[in-house]
Amino acid sequence: MVHVVRNAVEARNLSKHYGTKKGLIKAVDRLSLTVGEGETFGLLGPNGAGKTTTVRLLNCIIRPSGGTASVNGHDIVSDQLGVKRTTGLLAESPGLYEKLSAEEFLEFIGSLYDVPKDLLPTRIESLLELFGLHGRRNHLLEGYSRGMKQKVLIAAALIHDPPLLFFDEPTSTLDPRAALMVKDLMKDLSEGAGKTIVICSHILPIVEELCDRIGIINNGRLVAVGTVEELLSKSGQPTLEKAYIELTGGVEKQELLSWRELRSAGA
């Protein structure tokens, strides 16, 4: 277990609402959590539960409707530049300038983060080698596969060597070999480089293996947080998968086959 020195993320009653009072959608609802410096923290939850909205709030992509949060000591409302300079983000639905080559794209991202010009070429070279993209460094991104694009985006999140990294579904488009490489990379970043990492993923084995603690979000609220053992104890379940299902409302088995009953009744 990581020895926590201080908190890299502190959120208190963080909220994000959309719509009007008559049709208010609470994407994130009074969420409070901390992520310790050097910790690898996992966020789990059903689709639409608020995971990505939380990550977007903590990276100053959207503004909160209420509550407060600080990231690496920087307030997400009053010091957005400070937040962005100290975080790296692999977004769930990122954008790429596909008319650029991988090298050009990383040069562009590096310049946005003011990576020193004498350091940037070496860092780009190292990242392209790490992700096996050196041979296609000058090829336009529009010709890359989805998995190769994902690798470029992860490299872009690392280009300025931030102390805190957010990975939103980091292996979603990767083949098993590339997914294993990314998993090992996240482990090395945490254990070897001392990075703080927040992972959103539906792949429970990755979260279970890598994360020191896990938070489970449902309907915009943090319903449970703790180590795997603590979540199993809280839910009374033997596995993380069953604990996750239990803590997010369970599954009504009779609903799973209800379509067959409706079909039989209409026959």
# chains A, B, ... in the order shown; residues from 1 in each chain; ligands from 1
$ closest_atom_pairs --of "region 147-171 of chain A" --to "region 53-76 of chain A" --cutoff "12 Å" --atoms "only C-alpha atoms" --output "CSV"
residue,atom,partner,partner_atom,distance
A:Pro162,CA,A:Asn72,CA,10.3
A:Pro163,CA,A:Asn72,CA,8.3
A:Leu164,CA,A:Asn72,CA,7.8
A:Leu165,CA,A:Asn59,CA,10.1
A:Phe166,CA,A:Val55,CA,7.3
A:Phe167,CA,A:Val55,CA,9.0
A:Asp168,CA,A:Val55,CA,7.9
A:Glu169,CA,A:Val55,CA,11.5
$ write_last_selection --atoms "N, CA, C and O atoms" --output "short mmCIF file (atom, residue, chain, number, x, y, z; two decimals), in the first residue's frame"
data_model
loop_
_atom_site.label_atom_id
_atom_site.label_comp_id
_atom_site.auth_asym_id
_atom_site.auth_seq_id
_atom_site.Cartn_x
_atom_site.Cartn_y
_atom_site.Cartn_z
N PRO A 162 3.49 15.34 -15.85
CA PRO A 162 2.69 15.86 -14.73
C PRO A 162 2.71 14.90 -13.53
O PRO A 162 2.85 13.69 -13.70
N PRO A 163 2.53 15.43 -12.32
CA PRO A 163 2.51 14.56 -11.14
C PRO A 163 1.22 13.78 -10.98
O PRO A 163 1.18 12.78 -10.27
N LEU A 164 0.14 14.24 -11.64
CA LEU A 164 -1.18 13.60 -11.51
C LEU A 164 -1.72 13.27 -12.88
O LEU A 164 -1.78 14.13 -13.77
N LEU A 165 -2.13 12.01 -13.06
CA LEU A 165 -2.64 11.55 -14.36
C LEU A 165 -4.05 11.00 -14.20
O LEU A 165 -4.34 10.24 -13.28
N PHE A 166 -4.92 11.38 -15.13
CA PHE A 166 -6.28 10.86 -15.19
C PHE A 166 -6.40 10.01 -16.46
O PHE A 166 -6.16 10.49 -17.56
N PHE A 167 -6.78 8.74 -16.28
CA PHE A 167 -6.98 7.83 -17.41
C PHE A 167 -8.45 7.41 -17.43
O PHE A 167 -8.90 6.68 -16.55
N ASP A 168 -9.19 7.88 -18.43
CA ASP A 168 -10.61 7.54 -18.57
C ASP A 168 -10.73 6.45 -19.63
O ASP A 168 -10.56 6.72 -20.81
N GLU A 169 -11.00 5.23 -19.19
CA GLU A 169 -11.06 4.05 -20.08
C GLU A 169 -9.79 3.93 -20.94
O GLU A 169 -9.84 3.96 -22.17
#
$ select_by_dssp --residues "region 47-225 of chain A" --states "alpha helix (DSSP H)" --output "PyMOL selection string"
chain A and resi 51-58+80-85+102-112+120-130+146-158+176-191+204-210
$ atom_distance --atom1 "CA of Thr227 (chain A)" --atom2 "CA of Ile214 (chain A)"
6.0 Å
$ residues_around --residues "His134 (chain A)" --least-positions-apart "4" --cutoff "12 Å" --atoms "only C-alpha atoms" --output "NGL selection string"
:A and (101-103 or 124-130 or 138-139 or 148 or 151-152)
$ write_last_selection --atoms "N, CA and C atoms" --output "PDB file, in the first residue's frame"
ATOM      1  N   SER A 101       1.164  14.517 -38.094  1.00  0.00           N
ATOM      2  CA  SER A 101       1.810  13.236 -37.798  1.00  0.00           C
ATOM      3  C   SER A 101       1.874  13.070 -36.289  1.00  0.00           C
ATOM      4  N   ALA A 102       2.234  11.875 -35.828  1.00  0.00           N
ATOM      5  CA  ALA A 102       2.366  11.645 -34.385  1.00  0.00           C
ATOM      6  C   ALA A 102       3.404  12.589 -33.786  1.00  0.00           C
ATOM      7  N   GLU A 103       4.535  12.753 -34.480  1.00  0.00           N
ATOM      8  CA  GLU A 103       5.585  13.629 -33.969  1.00  0.00           C
ATOM      9  C   GLU A 103       5.108  15.074 -33.907  1.00  0.00           C
ATOM     10  N   ILE A 124       9.803  13.361 -26.792  1.00  0.00           N
ATOM     11  CA  ILE A 124       8.980  12.801 -27.867  1.00  0.00           C
ATOM     12  C   ILE A 124       9.591  11.505 -28.372  1.00  0.00           C
ATOM     13  N   GLU A 125      10.899  11.507 -28.558  1.00  0.00           N
ATOM     14  CA  GLU A 125      11.605  10.312 -29.029  1.00  0.00           C
ATOM     15  C   GLU A 125      11.381   9.144 -28.076  1.00  0.00           C
ATOM     16  N   SER A 126      11.496   9.406 -26.795  1.00  0.00           N
ATOM     17  CA  SER A 126      11.335   8.354 -25.789  1.00  0.00           C
ATOM     18  C   SER A 126       9.917   7.802 -25.785  1.00  0.00           C
ATOM     19  N   LEU A 127       8.911   8.688 -25.892  1.00  0.00           N
ATOM     20  CA  LEU A 127       7.511   8.252 -25.866  1.00  0.00           C
ATOM     21  C   LEU A 127       7.150   7.461 -27.125  1.00  0.00           C
ATOM     22  N   LEU A 128       7.651   7.887 -28.277  1.00  0.00           N
ATOM     23  CA  LEU A 128       7.376   7.150 -29.513  1.00  0.00           C
ATOM     24  C   LEU A 128       8.001   5.755 -29.463  1.00  0.00           C
ATOM     25  N   GLU A 129       9.187   5.662 -28.898  1.00  0.00           N
ATOM     26  CA  GLU A 129       9.830   4.356 -28.733  1.00  0.00           C
ATOM     27  C   GLU A 129       9.043   3.499 -27.752  1.00  0.00           C
ATOM     28  N   LEU A 130       8.619   4.090 -26.645  1.00  0.00           N
ATOM     29  CA  LEU A 130       7.890   3.366 -25.612  1.00  0.00           C
ATOM     30  C   LEU A 130       6.629   2.725 -26.165  1.00  0.00           C
ATOM     31  N   ASN A 138       6.207   9.859 -38.713  1.00  0.00           N
ATOM     32  CA  ASN A 138       5.897  10.882 -39.709  1.00  0.00           C
ATOM     33  C   ASN A 138       4.634  10.587 -40.515  1.00  0.00           C
ATOM     34  N   HIS A 139       3.908   9.537 -40.143  1.00  0.00           N
ATOM     35  CA  HIS A 139       2.650   9.215 -40.820  1.00  0.00           C
ATOM     36  C   HIS A 139       1.517  10.043 -40.216  1.00  0.00           C
ATOM     37  N   MET A 148      -3.626   2.612 -32.128  1.00  0.00           N
ATOM     38  CA  MET A 148      -2.440   3.457 -32.283  1.00  0.00           C
ATOM     39  C   MET A 148      -2.744   4.891 -31.880  1.00  0.00           C
ATOM     40  N   LYS A 151      -2.579   5.193 -28.190  1.00  0.00           N
ATOM     41  CA  LYS A 151      -1.202   5.272 -27.707  1.00  0.00           C
ATOM     42  C   LYS A 151      -0.665   6.699 -27.829  1.00  0.00           C
ATOM     43  N   VAL A 152      -0.958   7.358 -28.946  1.00  0.00           N
ATOM     44  CA  VAL A 152      -0.513   8.739 -29.133  1.00  0.00           C
ATOM     45  C   VAL A 152      -1.127   9.651 -28.080  1.00  0.00           C
TER      46      VAL A 152
END
$ select_by_dssp --residues "region 83-255 of chain A" --states "strand (DSSP E)" --output "PyMOL selection string"
chain A and resi 87-90+164-168+196-200+213-218+221-226
$ closest_residue --among "A:Glu92, A:Gly110, A:Arg136, A:Pro116" --to "Thr173 (chain A)" --atoms "only C-alpha atoms"
A:Glu92
$ residues_around --residues "Thr248 (chain A)" --least-positions-apart "2" --cutoff "8 Å" --atoms "only C-alpha atoms" --output "PyMOL selection string"
chain A and resi 45-46+216-218+223+244-246+250
$ closest_residue --among "A:Tyr113, A:Tyr97, A:Phe41, A:Phe131" --to "Ile206 (chain A)" --atoms "only C-alpha atoms"
A:Phe41
$ atom_distance --atom1 "CA of Thr34 (chain A)" --atom2 "CA of Gln237 (chain A)"
24.9 Å
$ closest_atom_pairs --of "region 198-246 of chain A" --to "region 85-89 of chain A" --cutoff "12 Å" --atoms "only C-alpha atoms" --output "tab-separated table"
residue	atom	partner	partner_atom	distance
A:Val198	CA	A:Leu89	CA	9.6
A:Ile199	CA	A:Leu89	CA	10.3
A:Cys200	CA	A:Leu89	CA	11.4
$ write_last_selection --atoms "N, CA and C atoms" --output "compact mmCIF listing (two decimals), in the first residue's frame"
# COMPACT_ATOMS: atom_id res chain seq x y z
N VAL A 198 -5.52 8.49 -11.38
CA VAL A 198 -6.95 8.24 -11.24
C VAL A 198 -7.40 7.50 -12.50
N ILE A 199 -7.99 6.32 -12.32
CA ILE A 199 -8.40 5.47 -13.43
C ILE A 199 -9.91 5.28 -13.42
N CYS A 200 -10.55 5.58 -14.53
CA CYS A 200 -11.94 5.19 -14.75
C CYS A 200 -11.94 4.04 -15.73
$ atom_distance --atom1 "CA of Leu222 (chain A)" --atom2 "CA of Leu31 (chain A)"
6.0 Å
$ closest_residue --among "A:Ala8, A:Leu33, A:Met186, A:Leu81" --to "Arg221 (chain A)" --atoms "only C-alpha atoms"
A:Leu33
$ residues_around --residues "Gly215 (chain A)" --least-positions-apart "2" --cutoff "7 Å" --atoms "only C-alpha atoms" --output "ChimeraX atom specification"
/A:42-44,213,217,222,224-226
$ decode --residues "region 104-132 of chain A" --atoms "C-alpha atoms" --output "short mmCIF file (atom, residue, chain, number, x, y, z; two decimals), in the first residue's frame"
data_model
loop_
_atom_site.label_atom_id
_atom_site.label_comp_id
_atom_site.auth_asym_id
_atom_site.auth_seq_id
_atom_site.Cartn_x
_atom_site.Cartn_y
_atom_site.Cartn_z
CA GLU A 104 3.92 16.90 -34.98
CA PHE A 105 0.99 16.29 -32.64
CA LEU A 106 3.29 15.64 -29.67
CA GLU A 107 5.34 18.74 -30.55
CA PHE A 108 2.11 20.76 -30.56
CA ILE A 109 0.91 19.39 -27.21
CA GLY A 110 4.36 19.84 -25.70
CA SER A 111 4.45 23.49 -26.77
CA LEU A 112 1.03 24.08 -25.19
CA TYR A 113 2.46 22.87 -21.88
CA ASP A 114 5.65 24.94 -22.30
CA VAL A 115 7.94 21.90 -22.29
CA PRO A 116 11.44 23.37 -22.76
CA LYS A 117 12.51 23.29 -26.42
CA ASP A 118 15.81 21.60 -25.61
CA LEU A 119 13.97 18.81 -23.75
CA LEU A 120 10.92 18.28 -25.98
CA PRO A 121 12.58 16.33 -28.88
CA THR A 122 14.17 13.83 -26.47
CA ARG A 123 10.91 13.34 -24.61
CA ILE A 124 8.98 12.80 -27.87
CA GLU A 125 11.61 10.31 -29.03
CA SER A 126 11.34 8.35 -25.79
CA LEU A 127 7.51 8.25 -25.87
CA LEU A 128 7.38 7.15 -29.51
CA GLU A 129 9.83 4.36 -28.73
CA LEU A 130 7.89 3.37 -25.61
CA PHE A 131 4.64 2.97 -27.53
CA GLY A 132 6.18 1.31 -30.59
#
